[in-house]
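First the structure, in the form of structure tokens, and then the observations on it.
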Amino acid sequence: KVPTYTAQLDRPRRGQGQFLTAQLSASAMAAPARAFAQSGQQLAQAGSDLAAFGFKKAQIGADNEAQAAALKLDIELQQMQQDFLANPNMQQAEQKYQEMARLKVETFKSGLSNRLARDAFRSRAAQVTLRNQTSFSKANNARVVEQRKVLLTNDIDDALTYATNPSNSPESRAEVANLGLKTLDNALDDLGPEEHAKLRNDFYQRLAKNSLISAINKGADAEETLNGFRDNKSADPIVSAARQNLRPGDVDKIYREVKSSTDTARTLADRRQKRERKEATLNYETTVKSMVDDLKVNADMADPNVATEFMTQTDDLMRQTLDSHEGSPESKAELSIQLKELRRKHSLDLGVLQQRARRDAAVRRVDEDLRGLTSNVFSDPSTL
């Protein structure tokens, strides 16, 4: 039995009816166009991405080139720092370094292959240049300060050398000392307050200490000089003025240091002078013995003038020996005693020789007289 579909043929019983034909969709009609457009967009995006990647590669290549150039620039600028820091003219070194640094940057930039590399190098070069310029300026400024200190130190040393010499007048010593202090004060901005105060205190300490040492070396009594300084009763106005600017701890420190130095120097000087006295007495005795030996051979020891001449010669030799001795008055006095003792010893020896010579001469004369008398009596007995 063939089924029939009457529902499709019947008039609709409710609603407004239904279309029997298929309906057209606008979105369906537009789908091919949209697909085509999307395809074009995808192609355009792919091209854009490709171009962007190519540009990125160019940027990376340019940056690599710029980085390599910046590294070389950094190395050359560092070497240039060392070269210009050797220039004794600090101001000229600063100017020349800046000029040469600019030329180096331009030289490296002109050697790059394209604009991208030059643009990338510009920022890198700025960093490298700034870093090296800062480093150079810091080192060069340190040289300026150090050189300022060297010049200042030389000026202060010269002032103290004169001001601490007791051979110069107190007025001139005071004037030079004040000039040294003024030089220090003029350097306040370069030194800073802390360093300036330190150097000023050091100036007063050196002024007092070196004045004390110089006075003692010139022959002043060490104990009296040091006690005068410690008790603020120094006879030296420069020492007194310096002491007024010292702390009690500094005074005690200087007293101990100078006393220790003086004691040590005295011990060393005593040893040296003792050694020199020993050498001087040995040379003196050797010379005197040679003189005596020469007299034994060549002089008439019975002649009283021999002793007189010997004493004169030994006196002259003693005076020369004392004059050549670079010792203290005490050491010279000790040497004089030793030399006189040696001369007395050899004078006694010479006296013994002269007595013997005179006795021998007297015996010879008696012998000669007896022989003459015997001969005369033998010839003429009446002469007896």
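Just so we're on the same page: first chain in the structure tokens is A, next is B, and so on; residues restart at 1 for each chain, and ligands are numbered from 1 in the order they show up.
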
With a distance cut-off of 10 Å and only C-alpha atoms, select the neighbouring residues of range 358-370 of chain A, excluding the residue or stretch itself and same-chain residues fewer than 3 positions from it, and output the selection as a PDB file with C-alpha atoms, in the first residue's frame.
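Output saved as selection.pdb:
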```pdb
ATOM      1  CA  ASP A 300     172.409  62.212  69.398  1.00  0.00           C
ATOM      2  CA  MET A 301     170.397  61.046  72.362  1.00  0.00           C
ATOM      3  CA  ALA A 302     172.811  62.736  74.734  1.00  0.00           C
ATOM      4  CA  ASP A 303     171.861  66.096  73.254  1.00  0.00           C
ATOM      5  CA  PRO A 304     169.262  67.826  75.519  1.00  0.00           C
ATOM      6  CA  VAL A 352     165.621  56.718  79.834  1.00  0.00           C
ATOM      7  CA  LEU A 353     167.342  56.553  76.449  1.00  0.00           C
ATOM      8  CA  GLN A 354     168.867  59.990  76.961  1.00  0.00           C
ATOM      9  CA  GLN A 355     170.133  59.115  80.438  1.00  0.00           C
ATOM     10  CA  LEU A 373     196.731  60.029  81.229  1.00  0.00           C
ATOM     11  CA  THR A 374     198.153  56.525  81.124  1.00  0.00           C
ATOM     12  CA  SER A 375     199.886  57.299  77.856  1.00  0.00           C
ATOM     13  CA  ASN A 376     201.352  60.527  79.186  1.00  0.00           C
TER      14      ASN A 376
END
```

- Task: Name the residues of range 153-257 of chain A that fall into helix (DSSP H, G or I) according to DSSP on the backbone, using the chain letters and numbers of this document, as JSON, numbers by chain.
- Result: {"A": [153, 154, 155, 156, 157, 158, 159, 160, 161, 162, 163, 170, 171, 172, 173, 174, 175, 176, 177, 178, 179, 180, 181, 182, 183, 184, 185, 186, 188, 189, 190, 191, 193, 194, 195, 196, 197, 198, 199, 200, 201, 202, 203, 204, 205, 206, 207, 208, 209, 210, 211, 212, 213, 214, 215, 216, 217, 222, 223, 224, 225, 226, 227, 228, 229, 230, 237, 238, 239, 240, 241, 242, 243, 244, 248, 249, 250, 251, 252, 253, 254, 255, 256, 257]}

- Query: In Å to one decimal, how far is CA of Leu350 in chain A from CA of Thr281 in chain A?
  - Reply: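 About the pair CA of Thr281 in chain A and CA of Leu350 in chain A: they are 18.8 Å apart.
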
At a cut-off of 8 Å, using only C-alpha atoms, what residues contact Leu212 in chain A? Leave out same-chain residues fewer than 5 positions from it and give the result as a tab-separated table (two decimals) with N, CA and C atoms, in the first residue's frame.
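Saved as part.tsv:
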```
chain	number	residue	atom	x	y	z
A	225	THR	N	116.39	71.54	78.11
A	225	THR	CA	115.56	71.94	76.98
A	225	THR	C	114.21	71.22	77.01
A	226	LEU	N	114.22	69.94	77.26
A	226	LEU	CA	112.98	69.16	77.27
A	226	LEU	C	112.10	69.52	78.46
A	239	VAL	N	109.28	77.66	70.20
A	239	VAL	CA	108.80	76.47	70.89
A	239	VAL	C	107.62	76.83	71.79
A	258	VAL	N	111.16	62.95	71.73
A	258	VAL	CA	112.45	63.65	71.63
A	258	VAL	C	113.43	63.10	72.66
```

- To one decimal place, how far is CA of Leu246 in chain A from CA of Arg148 in chain A in Å? 25.9 Å

- Got a sec: who's within 9 Å of Gly351 in chain A, counting only C-alpha atoms, leaving out chain neighbours fewer than 5 positions off, as an MDAnalysis selection string? chainID A and resid 307 346 356

- Item | Point-to-point distance from CA of Lys198 in chain A to CA of Asp185 in chain A, Å rounded to tenths |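 It comes out at 11.8 Å.
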
Write out as a short mmCIF file (atom, residue, chain, number, x, y, z; two decimals) with N, CA and C atoms, in the first residue's frame each polymer residue whose atoms come within 12 Å of Asn201 in chain A, counting only C-alpha atoms; drop sequence neighbours fewer than 4 positions from it.
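New file part-v2.cif:
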```cif
data_model
loop_
_atom_site.label_atom_id
_atom_site.label_comp_id
_atom_site.auth_asym_id
_atom_site.auth_seq_id
_atom_site.Cartn_x
_atom_site.Cartn_y
_atom_site.Cartn_z
N LEU A 181 101.88 78.61 57.92
CA LEU A 181 100.48 78.47 58.35
C LEU A 181 99.52 79.12 57.35
N LEU A 184 98.97 76.86 54.49
CA LEU A 184 98.00 75.83 54.86
C LEU A 184 96.57 76.36 54.78
N GLU A 194 88.42 68.95 57.66
CA GLU A 194 89.01 67.89 58.49
C GLU A 194 90.50 67.72 58.21
N GLU A 195 90.86 67.61 56.93
CA GLU A 195 92.27 67.45 56.57
C GLU A 195 93.06 68.70 56.92
N HIS A 196 92.46 69.86 56.74
CA HIS A 196 93.14 71.12 57.06
C HIS A 196 93.46 71.19 58.56
N ALA A 197 92.49 70.83 59.41
CA ALA A 197 92.72 70.85 60.85
C ALA A 197 93.81 69.86 61.24
N GLN A 205 103.03 70.50 65.87
CA GLN A 205 103.81 69.43 66.48
C GLN A 205 105.22 69.38 65.90
N ARG A 206 105.33 69.45 64.58
CA ARG A 206 106.64 69.41 63.94
C ARG A 206 107.46 70.65 64.29
N LEU A 207 106.80 71.79 64.39
CA LEU A 207 107.50 73.03 64.73
C LEU A 207 108.15 72.91 66.10
N ALA A 208 107.40 72.38 67.06
CA ALA A 208 107.94 72.22 68.41
C ALA A 208 109.00 71.12 68.46
N ALA A 242 104.50 77.43 69.66
CA ALA A 242 103.96 76.17 69.15
C ALA A 242 103.24 75.41 70.26
N ARG A 243 103.83 75.43 71.46
CA ARG A 243 103.24 74.68 72.56
C ARG A 243 101.85 75.20 72.93
N GLN A 244 101.61 76.51 72.77
CA GLN A 244 100.30 77.07 73.09
C GLN A 244 99.19 76.50 72.22
N ASN A 245 99.55 75.94 71.07
CA ASN A 245 98.55 75.40 70.14
C ASN A 245 98.49 73.88 70.17
N LEU A 246 99.11 73.27 71.19
CA LEU A 246 99.13 71.81 71.29
C LEU A 246 98.29 71.34 72.46
N ARG A 247 97.68 70.18 72.28
CA ARG A 247 96.95 69.56 73.38
C ARG A 247 97.93 68.96 74.38
N ASP A 250 99.57 65.90 73.17
CA ASP A 250 100.61 66.12 72.15
C ASP A 250 101.92 66.55 72.80
N VAL A 251 101.83 67.37 73.85
CA VAL A 251 103.04 67.81 74.55
C VAL A 251 103.77 66.61 75.15
#
```

- Tell me which of A:Ala159, A:Ala241, A:Leu339, A:Ala357 sits closest to Val306 in chain A, counting only C-alpha atoms. A:Ala357

- Task: Identify which of the residues A:Lys109, A:Lys209, A:Arg230, A:Arg371 lies closest to Asn165 in chain A, counting only C-alpha atoms when measuring atom-to-atom distances.
- Result: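 Comparing A:Lys109, A:Lys209, A:Arg230, A:Arg371 against Asn165 in chain A, the winner is A:Lys209.
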
- Using only C-alpha atoms, which residues sit within 12 Å of Gly111 in chain A once same-chain residues fewer than 6 positions away are excluded, as a ChimeraX atom specification? /A:65-66,68-70,73,104-105,117-118,121

- Message: Calculated over only C-alpha atoms, which of the candidates A:Ser290, A:Asn232, A:Thr264, A:Ser331 has the smallest distance to Arg277 in chain A?
- Response: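 Going through A:Ser290, A:Asn232, A:Thr264, A:Ser331 one by one, the smallest distance to Arg277 in chain A is for A:Ser331.
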
- Which of these, A:Arg122, A:Lys96, A:Lys259, A:Arg343, has the shortest distance to Glu224 in chain A once you count only C-alpha atoms?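 Of A:Arg122, A:Lys96, A:Lys259, A:Arg343, the one nearest Glu224 in chain A, counting only C-alpha atoms, is A:Lys259.
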